[in-house]
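To start, the structure under review is shown below, and the notes come after it.
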Amino acid sequence: MSAKAKKKSPTATKVKKEKEVPEVKPEVELIPVYVMGKRYEVPEGLTLMKAMEYAGYKFIRGCGCRGGTCGACGTVYRKPGNYKLQVALACQKTVEPDMHMAQIPFFPANRAQYEFAELTSAPEEVFKLYPELFRCVACNACTKACPQGIEVMDASSALKQGNIAEAALLSFECIQCGLCTSRCFGELAQYHMFQLARRIYGARILPRAEHLAEMIKAINEGKYDDILDELKHVKKDELQKLYQEREGEPVTAGEDWKTKDKTYL
Ligand code: FES
């Protein structure tokens with residue numbers, strides 16, 4: 001065998017032994033927590049939801065957006081040395097050493113049945129559907145439980161006084177997690193009551209948006225039929241490009257803001 005061939009022979013190639021890379025351990029401290037009474041060690045800084053998952057629990061229900069907006073993950077917890085039972089959204093609250101936690105499953109609060117089209121803006125309609133509203137003793141436990149910082153008790157008081165608009169505006173940030181109800185010993189389902197208040201406010205109290213009515217009329221009269229037909233035949237890529245390049249309304253736009261391209265206005 002020639003020297004050249006020898007060089008090419010795979011058997012002649014020296015296999016370099018890979019350098020052993022030392023395992024780099026992330027510098028995360030583990031802290032003890034108790035999930036439904038059982039002790040686990042979980043990395044600090046995790047949310048209650050992630051800590052429970054780290055401990056091996058799997059969420060099939062009681063978890064939705066993971067971003068504090070769907071209200072699905074109500075959880076109770078207690079800190080060491082404190083008798084108080086506290087509540088939080090599991091996807092928002094972070095673990096603390098020796099914390100005891102358990103997720104609240106679906107909270108079966110009273111939800112009135114109604115035909116919305118038949119309701120007026122008379123406060124008596126709400127009173128009839130939710131007579132327990134008057135069981136509120138103004139203890140304010142609901143407000144303390146709200147992860148959204150809503151003045152829940154004030155909104156209930158507004159509703160009791162027949163001020164549907166005030167109740168709707170005060171509860172506007174409600175995410176229907178039901179934690180207020182879980183702490184209410186008057187057995188009120190504040191979040192369902194407020195939802196009704198917001199529906200009545202939006203449909204019966206707030207003035208109609210004129211520009212919306214105008215737009216619906218224009219659509220019904222076929223003003224946009226041609227462009228919609230045209231768009232139906234555009235290829236997906238082109239459609240995506242059109243969408244990405246569309247002129248968006250700036251966050252700070254005033255009421256009179258209009259697009260530069262006025263073709264379809
Ligand atoms: S998962 Fe939606 S609020 Fe927590």
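To be explicit about the labels: the chains of the structure tokens are called A, B, and onward in the order shown, and within each one the residues are counted from 1, while ligands get numbers from 1 in the order they are shown.
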Quiz prompt | Env. residues ligand 1 / 6 Å / only C-alpha atoms and all ligand atoms / as a count of residues only | solution = 14
Fewer than 2 positions away in the same chain doesn't count, so skip those; otherwise give me all residues within 12 Å of Lys128 of chain A, counting only C-alpha atoms, as a short mmCIF file (atom, residue, chain, number, x, y, z; two decimals) with all heavy atoms, in the first residue's frame.
data_model
loop_
_atom_site.label_atom_id
_atom_site.label_comp_id
_atom_site.auth_asym_id
_atom_site.auth_seq_id
_atom_site.Cartn_x
_atom_site.Cartn_y
_atom_site.Cartn_z
N ALA A 112 -77.13 33.48 37.74
CA ALA A 112 -78.55 33.59 37.38
C ALA A 112 -78.77 33.31 35.89
O ALA A 112 -77.90 33.59 35.07
CB ALA A 112 -79.03 35.00 37.72
N GLN A 113 -79.91 32.74 35.59
CA GLN A 113 -80.29 32.48 34.20
C GLN A 113 -81.22 33.61 33.75
O GLN A 113 -82.14 33.97 34.47
CB GLN A 113 -81.05 31.15 34.09
CG GLN A 113 -80.24 29.93 34.52
CD GLN A 113 -79.06 29.69 33.60
OE1 GLN A 113 -79.22 29.60 32.40
NE2 GLN A 113 -77.87 29.60 34.17
N TYR A 114 -80.96 34.19 32.61
CA TYR A 114 -81.83 35.25 32.11
C TYR A 114 -81.76 35.32 30.59
O TYR A 114 -80.82 34.84 29.97
CB TYR A 114 -81.44 36.62 32.70
CG TYR A 114 -79.96 36.93 32.61
CD1 TYR A 114 -79.38 37.45 31.45
CD2 TYR A 114 -79.12 36.71 33.70
CE1 TYR A 114 -78.02 37.74 31.38
CE2 TYR A 114 -77.75 36.98 33.64
CZ TYR A 114 -77.21 37.50 32.48
OH TYR A 114 -75.87 37.77 32.41
N LEU A 119 -84.18 41.97 29.22
CA LEU A 119 -83.80 42.80 30.38
C LEU A 119 -83.75 44.28 30.01
O LEU A 119 -83.35 44.65 28.91
CB LEU A 119 -82.43 42.39 30.91
CG LEU A 119 -82.29 41.04 31.60
CD1 LEU A 119 -80.89 40.89 32.15
CD2 LEU A 119 -83.30 40.91 32.74
N ALA A 122 -83.31 48.66 34.40
CA ALA A 122 -83.85 48.91 35.75
C ALA A 122 -83.08 48.08 36.77
O ALA A 122 -82.94 46.87 36.60
CB ALA A 122 -85.33 48.55 35.79
N PRO A 123 -82.57 48.72 37.84
CA PRO A 123 -81.80 47.98 38.86
C PRO A 123 -82.58 46.81 39.46
O PRO A 123 -82.00 45.81 39.84
CB PRO A 123 -81.51 49.03 39.93
CG PRO A 123 -81.76 50.35 39.29
CD PRO A 123 -82.70 50.15 38.15
N GLU A 124 -83.93 46.95 39.47
CA GLU A 124 -84.75 45.88 40.06
C GLU A 124 -84.54 44.55 39.34
O GLU A 124 -84.72 43.49 39.93
CB GLU A 124 -86.25 46.25 39.99
CG GLU A 124 -86.68 47.39 40.91
CD GLU A 124 -86.19 48.75 40.42
OE1 GLU A 124 -85.87 48.88 39.22
OE2 GLU A 124 -86.10 49.66 41.26
N GLU A 125 -84.17 44.62 38.09
CA GLU A 125 -83.93 43.39 37.32
C GLU A 125 -82.76 42.63 37.94
O GLU A 125 -82.78 41.41 38.08
CB GLU A 125 -83.58 43.72 35.86
CG GLU A 125 -84.56 44.66 35.20
CD GLU A 125 -85.34 43.97 34.12
OE1 GLU A 125 -85.46 42.74 34.18
OE2 GLU A 125 -85.82 44.68 33.23
N VAL A 126 -81.72 43.39 38.31
CA VAL A 126 -80.55 42.77 38.94
C VAL A 126 -80.93 42.25 40.32
O VAL A 126 -80.55 41.14 40.70
CB VAL A 126 -79.37 43.78 39.04
CG1 VAL A 126 -78.14 43.13 39.67
CG2 VAL A 126 -79.02 44.34 37.67
N TYR A 130 -80.40 38.50 41.45
CA TYR A 130 -79.39 38.23 42.50
C TYR A 130 -79.82 38.83 43.83
O TYR A 130 -79.19 39.77 44.34
CB TYR A 130 -78.04 38.82 42.08
CG TYR A 130 -77.37 38.07 40.95
CD1 TYR A 130 -77.29 38.61 39.68
CD2 TYR A 130 -76.81 36.81 41.17
CE1 TYR A 130 -76.68 37.93 38.63
CE2 TYR A 130 -76.20 36.12 40.13
CZ TYR A 130 -76.14 36.68 38.87
OH TYR A 130 -75.53 36.00 37.84
N PRO A 131 -80.89 38.29 44.45
CA PRO A 131 -81.34 38.87 45.72
C PRO A 131 -80.28 38.77 46.82
O PRO A 131 -80.28 39.55 47.77
CB PRO A 131 -82.59 38.04 46.07
CG PRO A 131 -82.50 36.81 45.22
CD PRO A 131 -81.72 37.17 44.01
N GLU A 132 -79.36 37.82 46.69
CA GLU A 132 -78.31 37.66 47.71
C GLU A 132 -77.37 38.87 47.78
O GLU A 132 -76.58 39.00 48.70
CB GLU A 132 -77.49 36.37 47.48
CG GLU A 132 -76.71 36.29 46.19
CD GLU A 132 -77.50 35.66 45.04
OE1 GLU A 132 -78.72 35.86 44.98
OE2 GLU A 132 -76.87 34.99 44.20
N LEU A 133 -77.49 39.74 46.79
CA LEU A 133 -76.69 40.98 46.80
C LEU A 133 -76.84 41.71 48.14
O LEU A 133 -75.89 42.28 48.66
CB LEU A 133 -77.16 41.88 45.64
CG LEU A 133 -76.62 43.29 45.52
CD1 LEU A 133 -75.10 43.28 45.36
CD2 LEU A 133 -77.25 43.99 44.32
N PHE A 134 -78.06 41.61 48.71
CA PHE A 134 -78.32 42.34 49.96
C PHE A 134 -77.84 41.58 51.21
O PHE A 134 -78.06 42.02 52.33
CB PHE A 134 -79.83 42.68 50.05
CG PHE A 134 -80.21 43.65 48.97
CD1 PHE A 134 -80.71 43.20 47.75
CD2 PHE A 134 -79.99 45.01 49.12
CE1 PHE A 134 -81.02 44.08 46.73
CE2 PHE A 134 -80.28 45.90 48.10
CZ PHE A 134 -80.80 45.44 46.90
N LYS A 160 -76.05 47.66 44.85
CA LYS A 160 -77.14 47.69 45.84
C LYS A 160 -77.90 49.01 45.75
O LYS A 160 -79.09 49.08 45.96
CB LYS A 160 -76.56 47.56 47.26
CG LYS A 160 -76.39 46.13 47.68
CD LYS A 160 -76.25 46.01 49.19
CE LYS A 160 -74.85 46.34 49.65
NZ LYS A 160 -74.62 46.11 51.06
N MET A 193 -72.52 38.87 39.11
CA MET A 193 -73.37 40.06 39.20
C MET A 193 -72.77 41.21 38.40
O MET A 193 -73.46 41.91 37.67
CB MET A 193 -73.49 40.52 40.66
CG MET A 193 -74.21 39.57 41.55
SD MET A 193 -74.12 40.17 43.23
CE MET A 193 -74.75 38.75 44.09
#
Exercise. Tell me which of A:Val137, A:Asp261, A:Ser182, A:Glu44 sits closest to Leu30 of chain A, counting only C-alpha atoms.
Key: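 Of A:Val137, A:Asp261, A:Ser182, A:Glu44, the one nearest Leu30 of chain A, counting only C-alpha atoms, is A:Glu44.
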Exercise. Excluding Met101 of chain A and any residue of its chain fewer than 2 positions from it, enumerate the residues within 6 Å of it, using only C-alpha atoms, and give them as a list of chain:residue names.
Key: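 My reading of the contact set: A:Val35, A:Val76, A:Tyr77.
Of note, atom CA of Ala168 of chain A and atom CA of Arg198 of chain A are spaced 4.5 Å apart.
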Quiz item: Cys142 of chain A: which residues within 9 Å, counting only C-alpha atoms, same-chain residues fewer than 5 positions away excluded, as an MDAnalysis selection string?
Solution: chainID A and resid 151:153 179:184 190
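With distances restricted to only C-alpha atoms, A:Tyr191 is the closest residue to Ala155 of chain A from A:Lys235, A:Phe127, A:Tyr191, A:Gln176.
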Quiz item: Which one is closest to Leu48 of chain A: A:Pro250, A:Pro97, A:Pro80, A:Gly178? Count only C-alpha atoms.
Solution: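 For Leu48 of chain A, the nearest of the given residues is A:Pro97.
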Self-check item: Residue nearest Leu206 of chain A - candidates A:Val95, A:Ala253, A:Ala88, A:Leu169, atoms counted: only C-alpha atoms
Solution: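 Ranking A:Val95, A:Ala253, A:Ala88, A:Leu169 by distance to Leu206 of chain A, first place goes to A:Leu169.
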Exercise. Rank A:Ala109, A:Ala189, A:Val87, A:Ala203 by their smallest atom-to-atom distance to Ser121 of chain A, using only C-alpha atoms, and report the top residue only.
Key: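 Nearest candidate to Ser121 of chain A out of A:Ala109, A:Ala189, A:Val87, A:Ala203: A:Ala203.
Secondary structure of segment 25-244 of chain A, strand (DSSP E) only (DSSP, backbone atoms): Leu30, Ile31, Pro32, Val33, Tyr34, Val35, Lys38, Arg39, Tyr40, Glu41, Val42, Pro43, Gly74, Thr75, Val76, Tyr77, Arg78, Gln86, Val87, Ala88, Leu89, Met99, His100, Met101, Ala102 and Gln103 of chain A.
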Go ahead and save the picked residues with C-alpha atoms, as a compact mmCIF listing (two decimals), in the first residue's frame.
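The resulting file, result-v5.txt, is reproduced below:
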# COMPACT_ATOMS: atom_id res chain seq x y z
CA LEU A 30 -34.37 25.06 45.59
CA ILE A 31 -36.87 26.02 48.21
CA PRO A 32 -39.35 23.84 50.12
CA VAL A 33 -43.05 24.28 49.41
CA TYR A 34 -46.11 22.18 50.29
CA VAL A 35 -48.61 21.26 47.60
CA LYS A 38 -46.93 17.25 50.61
CA ARG A 39 -43.43 18.69 50.73
CA TYR A 40 -41.51 19.38 47.51
CA GLU A 41 -38.34 21.26 46.65
CA VAL A 42 -38.82 23.64 43.74
CA PRO A 43 -36.61 26.33 42.15
CA GLY A 74 -57.46 30.59 41.47
CA THR A 75 -55.32 29.15 44.24
CA VAL A 76 -55.27 29.31 48.03
CA TYR A 77 -52.05 29.52 50.01
CA ARG A 78 -50.76 30.24 53.46
CA GLN A 86 -54.66 33.95 51.12
CA VAL A 87 -55.67 33.67 47.48
CA ALA A 88 -53.92 34.38 44.20
CA LEU A 89 -53.75 33.48 40.56
CA MET A 99 -45.59 28.11 51.58
CA HIS A 100 -48.59 25.78 51.66
CA MET A 101 -50.74 25.84 48.53
CA ALA A 102 -53.66 24.10 46.86
CA GLN A 103 -55.45 25.05 43.73
Quiz item: Mind pulling up the distance from atom CA of Met52 of chain A to atom CA of Pro105 of chain A?
Solution: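 Going from atom CA of Pro105 of chain A over to atom CA of Met52 of chain A covers 14.2 Å.
Pairwise distance (atom CA of Gly149 of chain A, atom CA of Gln161 of chain A) equals 21.8 Å.
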Exercise. From a DSSP calculation on the backbone, collect every residue of segment 19-92 of chain A in helix (DSSP H, G or I) and output the set as a VMD selection string.
Key: chain A and resid 48 to 54
Quiz item: Of the residues A:Arg204, A:Lys50, A:Lys262, A:Arg135, which is the one nearest to Glu187 of chain A, using only C-alpha atoms?
Solution: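 The shortest atom-to-atom distance to Glu187 of chain A comes from A:Arg135.
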